[in-house]
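See structure below.
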Amino acid sequence: MDQSSRARRIRQAADEVAAQLNRQRINEDARNAAARARLAKSRASEYVVGRIPDGPHRLAEEHAHMEREIATQQSKLERRAALIAAGKKPMGAPPVPLEQHSRIIRARRVVDAALAAENAASATKPAKRVLPTTVANTTDP
């Protein structure tokens with residue numbers, strides 16, 4: 001093994017690491033864009049299918065979901081009150097009050113859990129040594 005082949009292998013390894021880091025950055029950007037799109041859709045009172053992913057937008061999306069559930073139930077209550085105020089007899093069972101509605105209770109519980117998880121994560125971040133996760137082998141590519 002001569003010096004030139006060693007330098008070439010190191011250059012190839014550095015190029016491989018740079019390519020891996022670029023792919024990771026692109027994937028992270030795509031995940032962030034998808035999370036922002038989910039959040040915007042949720043804030044626009046549109047239903048979003050699937051589990052809310054972990055990440056920086058989780059708490060905001062949980063809040064938007066809870067607000068959407070509260071608004072939906074509030075509109076049902078207001079519609080029934082408007083019918084009664086107009087002198088009409090509403091059909092069906094009366095809607096459940098906001099504090100007792102199961103979807104709102106569940107949404108509040110999820111928001112509380114997300115808040116607790118965020119607070120616990122920020123409080124227990126130890127200063128630990130970060131090792132590189134992107135590596136390349138110079139002896140056996």
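Residues in the structure tokens are numbered from 1 in each chain, the chains being A, B, ... in the order shown, and ligands are numbered from 1 in the order shown.
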Within 10 Å of His101 of chain A, counting only C-alpha atoms, which residues qualify if same-chain residues fewer than 4 places away don't, as a PyMOL selection string? chain A and resi 69-70+73+95-97+105-106
For the residues in that selection, give me N, CA and C atoms as a CSV table (one decimal), in the first residue's frame.
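Done, and the output landed in out38.csv:
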chain,number,residue,atom,x,y,z
A,69,GLU,N,-62.1,19.4,17.8
A,69,GLU,CA,-63.1,18.6,18.5
A,69,GLU,C,-64.0,19.5,19.3
A,70,ILE,N,-63.5,20.5,20.0
A,70,ILE,CA,-64.3,21.4,20.8
A,70,ILE,C,-65.2,22.2,19.9
A,73,GLN,N,-68.2,20.0,18.6
A,73,GLN,CA,-69.2,19.8,19.7
A,73,GLN,C,-69.9,21.1,20.0
A,95,PRO,N,-77.1,16.9,22.5
A,95,PRO,CA,-75.7,16.7,22.5
A,95,PRO,C,-75.1,16.7,23.9
A,96,VAL,N,-74.0,16.0,24.1
A,96,VAL,CA,-73.4,15.9,25.4
A,96,VAL,C,-72.6,17.3,25.6
A,97,PRO,N,-72.6,17.8,26.8
A,97,PRO,CA,-71.9,19.0,27.1
A,97,PRO,C,-70.4,18.8,26.9
A,105,ILE,N,-62.6,14.8,26.0
A,105,ILE,CA,-61.8,14.3,27.2
A,105,ILE,C,-60.5,13.6,26.7
A,106,ARG,N,-60.7,12.8,25.7
A,106,ARG,CA,-59.5,12.0,25.1
A,106,ARG,C,-58.5,13.0,24.5
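Neighbours of segment 29-31 of chain A closer than or equal to 12 Å, with only C-alpha atoms counted and sequence neighbours fewer than 5 positions away skipped, come out as Asn22, Arg23, Gln24, Arg36, Ala37, Arg38, Pro53, Asp54, Gly55, Pro56 and His57 of chain A.
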Output as a VMD selection string all residues of chain A that backbone DSSP marks as alpha helix (DSSP H). chain A and resid 3 to 43 58 to 85 102 to 123
What lies within 9 Å of Ala114 of chain A using only C-alpha atoms, ignoring chain neighbours under 6 positions off, as a PyMOL selection string? chain A and resi 58-59+62
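Between atom CA of Pro90 of chain A and atom CA of Arg68 of chain A the interatomic distance comes to 23.9 Å.
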How close does each residue of segment 6-96 of chain A get to segment 115-139 of chain A, giving the shortest atom pair and distance in Å to one decimal for every residue with an atom at most 9 Å away, counting only C-alpha atoms, sorted by chain and residue number, as a tab-separated table?
residue	atom	partner	partner_atom	distance
A:Arg6	CA	A:Thr138	CA	8.1
A:Arg9	CA	A:Thr138	CA	5.6
A:Ile10	CA	A:Thr138	CA	6.0
A:Gln12	CA	A:Thr138	CA	8.0
A:Ala13	CA	A:Ala136	CA	5.2
A:Ala14	CA	A:Ala136	CA	7.4
A:Glu16	CA	A:Ala136	CA	6.6
A:Val17	CA	A:Val135	CA	6.1
A:Ala18	CA	A:Thr134	CA	8.9
A:Gln20	CA	A:Thr134	CA	6.9
A:Leu21	CA	A:Thr134	CA	7.1
A:Leu59	CA	A:Leu115	CA	6.8
Go ahead and save the picked residues with C-alpha atoms, as a compact mmCIF listing (two decimals), in the first residue's frame.
# COMPACT_ATOMS: atom_id res chain seq x y z
CA ARG A 6 -4.45 5.64 1.04
CA ARG A 9 -9.46 5.72 -0.11
CA ILE A 10 -9.75 8.58 2.39
CA GLN A 12 -13.68 8.16 -1.33
CA ALA A 13 -14.68 7.66 2.30
CA ALA A 14 -15.10 11.42 2.76
CA GLU A 16 -19.35 8.67 0.88
CA VAL A 17 -19.86 10.37 4.26
CA ALA A 18 -20.83 13.62 2.52
CA GLN A 20 -24.82 10.02 3.44
CA LEU A 21 -25.12 13.33 5.28
CA LEU A 59 -47.85 19.48 20.61
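For the pair atom CA of Met66 of chain A and atom CA of Ala107 of chain A, the interatomic distance is 5.1 Å.
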